[in-house]
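*Asks:* For reference, the structure I am asking about is given below.
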Amino acid sequence: MGAPSPSEKLNALTRVLTVLRSIGVRDSLVMAVALGLAGVLDYAVNVVAGRWLVPVEYGVFIAVAAVMQVLAQLTNAIRNVVAFYTAELSLHRENAQGVGALVQRAWRWGWQWGFLATVAMVLISPSLGHALRLPNTWPLWVACPVVLLFFVRTVTDGALQGLQSFASFGAVQVIQSLLRLLLACGLIWLGVQAAGAIIALPLAMATVLFIALWLLRPQFADRSGVDACEVSWHYSAHTLLGLAAFAVLANMDALFVKHFYSPSAAGDYGPVVTLAKMSLFIPLALGIVVLPKATQRRASGRDPRPILLLALAATLLPGFALTAIYLLYPNFIVRTIFTAAYTNPGLVLGMANLAASFYAGLNIWLNYALSLKRLSFIYILMGVLICQAAGMYLLGRDSLLQMTIVMAASGLIGNLAGIATTWSGFTASEALIAPTNGSTK
């Protein structure tokens with residue numbers, strides 16, 4: 001058989017590019033770069049706090065940051081629901097006008113419930129501060145405005161995500177993270193300590209909210225009179241449940257250490273939390289791409305599993321590579337980035353990052369399961385959370401290494417559960433419209 005002709009090579013290349021476009025590689029790269037940069041800037045906030053604050057103050061910042069991260073993941077249920085229905089509506093030209101009505105309805109809902117949630121956070125802060133062994137309640141109180149902003153910002157983020165305006169979505173995140181870094185540096189330098197690093201986030205979020213509103217001008221200006229589509233509370237509740245389980249699973253270690261270990265030990269564990277989060281930056285970006293892409297492929301009758309495989313490969317492989325580096329050079333990395341004020345974490349750093357890598361995979365499985373409405377995975381995730389909590393309590397109260405081993409094992413089990421519950425073949429009955437040839441969304 002002779003060598004392929006130039007025209008055959010060109011046709012093969014064209015087919016490859018078409019497939020790559022169809023499974024969202026371009027959008028994945030845009031989001032990976034944007035949220036990767038935003039993650040680096042957020043990571044820089046943690047590094048600056050770790051270098052400029054004493055370990056005990058840094059431990060306070062890490063604990064409150066973990067609480068805010070759990071709240072962020074909980075309110076991401078709003079973003080996922082808005083993105084899911086926006087993606088479905090925008091797929092049908094005759095229903096596209098309903099996007100504006102949906103966004104405006106969600107916006108009003110976000111303000112109403114956001115105020116209530118903020119008041120609740122103010123009231124429970126004293127008890128929560130006591131449980132986390134904080135010196136006083138002020139670090140939690142200065143974080144309370146972020147609760148309201150989580151509710152309203154997730155509406156705008158969900159709309160941009162569902163419309164697949166990934167460049168705009170990414171730009172908003174980068175600007176927010178840059179502002180947060182600048183504000184944190186300035187406030188810590190002025191002597192506000194951990195509270196300054198904490199309040200930088202709500203200040204940055206409030207600023208970029210105006211940018212997000214400007215980007216969504218057509219949706220907020222829509223006065224077509226179209227009724228907003230009915231939102232399934234069954235789906236919304238499962239979304240909230242799944243994101244809540246993931247949030248607690250991925251942030252449990254920081255809260256666990258702050259409660260069961262001494263303030264100095266919790267401060268020394270702070271760099272471990274920060275370094276392990278590196279394995280979640282890009283994967284979280286890929287999860288944002290997976291939901292609307294897989295939703296629309298399901299709705300149009302196409303197999304969404306190529307998106308899943310691409311996202312898992314881009315998620316797990318870098319995390320495993322970083323784990324190897326952390327296992328080899330833990331002391332050098334911590335001392336170089338956070339100064340010699342912190343103790344050598346040893347194997348704890350590598351095991352914590354391995355757990356974070358598996359959590360990143362769980363984030364992909366969760367978004368994929370939600371996009372296909374295969375909700376049994378969420379109950380499995382809840383079971384994994386309960387098992388991890390029990391294992392950490394039984395084995396991890398006196399040993400950080402055993403605690404991180406339990407975390408890594410729980411993450412692995414969760415990924416295997418994802419294969420068992422969501423990998424099954426796509427069926428035509430799951431499509432909302434007949435598939436069309438040549439579609440590249």
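Each chain in the structure tokens gets a letter, A, B and so on, in the order shown; residues start at 1 in every chain, and ligands are counted from 1 in the order they appear.
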Excluding Ala167 (chain A) and residues on its chain fewer than 2 positions from it, collect all residues at most 9 Å away from it, counting only C-alpha atoms, and give them as a count of residues only.
*Replies:* 10
*Asks:* How far is it from CA of Ala38 (chain A) to CA of Asn251 (chain A), in Å with one decimal?
*Replies:*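 CA of Ala38 (chain A) sits 19.2 Å away from CA of Asn251 (chain A).
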*Asks:* What does the distance between CA of Thr315 (chain A) and CA of Asn344 (chain A) come to in Å, to one decimal place?
*Replies:*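 Answer for the CA of Thr315 (chain A) to CA of Asn344 (chain A) separation: 27.2 Å.
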*Asks:* Extract, using only C-alpha atoms, all DNA, RNA and protein residues at most 9 Å from Gly418 (chain A), discarding same-chain residues fewer than 3 positions from it, and format them as a short mmCIF file (atom, residue, chain, number, x, y, z; two decimals) with all heavy atoms, in the first residue's frame.
*Replies:*
data_model
loop_
_atom_site.label_atom_id
_atom_site.label_comp_id
_atom_site.auth_asym_id
_atom_site.auth_seq_id
_atom_site.Cartn_x
_atom_site.Cartn_y
_atom_site.Cartn_z
N LEU A 362 -13.26 13.42 40.99
CA LEU A 362 -14.65 13.37 41.46
C LEU A 362 -15.45 14.56 40.95
O LEU A 362 -16.64 14.44 40.65
CB LEU A 362 -14.68 13.35 42.99
CG LEU A 362 -14.27 12.05 43.68
CD1 LEU A 362 -14.29 12.22 45.19
CD2 LEU A 362 -15.18 10.91 43.25
N TRP A 365 -16.53 13.69 37.46
CA TRP A 365 -17.60 12.71 37.48
C TRP A 365 -18.92 13.34 37.94
O TRP A 365 -20.00 13.02 37.42
CB TRP A 365 -17.24 11.54 38.41
CG TRP A 365 -16.23 10.59 37.86
CD1 TRP A 365 -14.94 10.42 38.29
CD2 TRP A 365 -16.41 9.67 36.77
NE1 TRP A 365 -14.32 9.45 37.55
CE2 TRP A 365 -15.19 8.98 36.60
CE3 TRP A 365 -17.48 9.37 35.94
CZ2 TRP A 365 -15.02 8.00 35.65
CZ3 TRP A 365 -17.31 8.40 34.96
CH2 TRP A 365 -16.08 7.72 34.82
N LEU A 366 -18.84 14.23 38.93
CA LEU A 366 -20.05 14.87 39.45
C LEU A 366 -20.72 15.73 38.38
O LEU A 366 -21.94 15.66 38.16
CB LEU A 366 -19.71 15.71 40.68
CG LEU A 366 -20.85 16.53 41.29
CD1 LEU A 366 -22.00 15.62 41.71
CD2 LEU A 366 -20.36 17.36 42.47
N ALA A 369 -22.22 13.45 35.75
CA ALA A 369 -23.45 12.80 36.22
C ALA A 369 -24.62 13.78 36.23
O ALA A 369 -25.74 13.43 35.86
CB ALA A 369 -23.23 12.23 37.62
N PHE A 377 -25.04 8.62 41.33
CA PHE A 377 -23.65 8.90 41.74
C PHE A 377 -23.61 9.81 42.95
O PHE A 377 -22.69 9.72 43.78
CB PHE A 377 -22.88 9.53 40.58
CG PHE A 377 -21.48 9.94 40.93
CD1 PHE A 377 -20.51 8.99 41.17
CD2 PHE A 377 -21.15 11.28 41.06
CE1 PHE A 377 -19.21 9.37 41.52
CE2 PHE A 377 -19.86 11.67 41.40
CZ PHE A 377 -18.89 10.70 41.63
N ILE A 380 -23.78 7.83 46.06
CA ILE A 380 -22.48 7.17 46.28
C ILE A 380 -21.49 8.17 46.87
O ILE A 380 -20.73 7.85 47.80
CB ILE A 380 -21.94 6.61 44.95
CG1 ILE A 380 -22.89 5.56 44.37
CG2 ILE A 380 -20.54 6.03 45.15
CD1 ILE A 380 -23.02 4.31 45.20
N LEU A 381 -21.51 9.39 46.35
CA LEU A 381 -20.60 10.42 46.85
C LEU A 381 -20.87 10.73 48.32
O LEU A 381 -19.94 10.94 49.10
CB LEU A 381 -20.73 11.68 45.99
CG LEU A 381 -19.67 12.76 46.17
CD1 LEU A 381 -18.29 12.22 45.82
CD2 LEU A 381 -19.99 13.97 45.29
N ILE A 413 -11.89 5.52 45.81
CA ILE A 413 -13.16 4.78 45.81
C ILE A 413 -14.23 5.59 45.09
O ILE A 413 -15.05 5.04 44.32
CB ILE A 413 -13.58 4.48 47.26
CG1 ILE A 413 -12.61 3.47 47.89
CG2 ILE A 413 -15.00 3.93 47.31
CD1 ILE A 413 -12.82 3.26 49.37
N GLY A 414 -14.26 6.89 45.29
CA GLY A 414 -15.24 7.73 44.63
C GLY A 414 -15.10 7.71 43.12
O GLY A 414 -16.10 7.68 42.38
N ASN A 415 -13.87 7.73 42.62
CA ASN A 415 -13.65 7.67 41.17
C ASN A 415 -14.09 6.33 40.60
O ASN A 415 -14.66 6.26 39.51
CB ASN A 415 -12.18 7.93 40.84
CG ASN A 415 -11.84 9.41 40.81
OD1 ASN A 415 -11.88 10.04 39.77
ND2 ASN A 415 -11.49 9.96 41.97
N THR A 421 -21.23 3.93 37.99
CA THR A 421 -22.58 4.48 37.97
C THR A 421 -22.88 5.39 36.79
O THR A 421 -24.06 5.60 36.47
CB THR A 421 -22.86 5.28 39.26
OG1 THR A 421 -21.88 6.33 39.38
CG2 THR A 421 -22.79 4.39 40.47
N THR A 422 -21.87 5.92 36.11
CA THR A 422 -22.15 6.91 35.06
C THR A 422 -21.55 6.57 33.71
O THR A 422 -21.82 7.27 32.73
CB THR A 422 -21.64 8.31 35.46
OG1 THR A 422 -20.21 8.31 35.50
CG2 THR A 422 -22.18 8.72 36.82
N TRP A 423 -20.74 5.52 33.60
CA TRP A 423 -20.05 5.26 32.35
C TRP A 423 -20.91 4.53 31.32
O TRP A 423 -20.58 4.49 30.15
CB TRP A 423 -18.77 4.46 32.60
CG TRP A 423 -18.05 4.12 31.31
CD1 TRP A 423 -17.96 2.91 30.70
CD2 TRP A 423 -17.32 5.02 30.48
NE1 TRP A 423 -17.23 3.00 29.54
CE2 TRP A 423 -16.82 4.29 29.38
CE3 TRP A 423 -17.04 6.39 30.56
CZ2 TRP A 423 -16.06 4.87 28.37
CZ3 TRP A 423 -16.29 6.97 29.54
CH2 TRP A 423 -15.81 6.22 28.48
#
*Asks:* From the options A:Val82, A:Val174, A:Ala101, A:Val60, which residue's atoms come nearest to Ser264 (chain A), counting only C-alpha atoms?
*Replies:*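 Among A:Val82, A:Val174, A:Ala101, A:Val60, it is A:Val60 that comes nearest to Ser264 (chain A).
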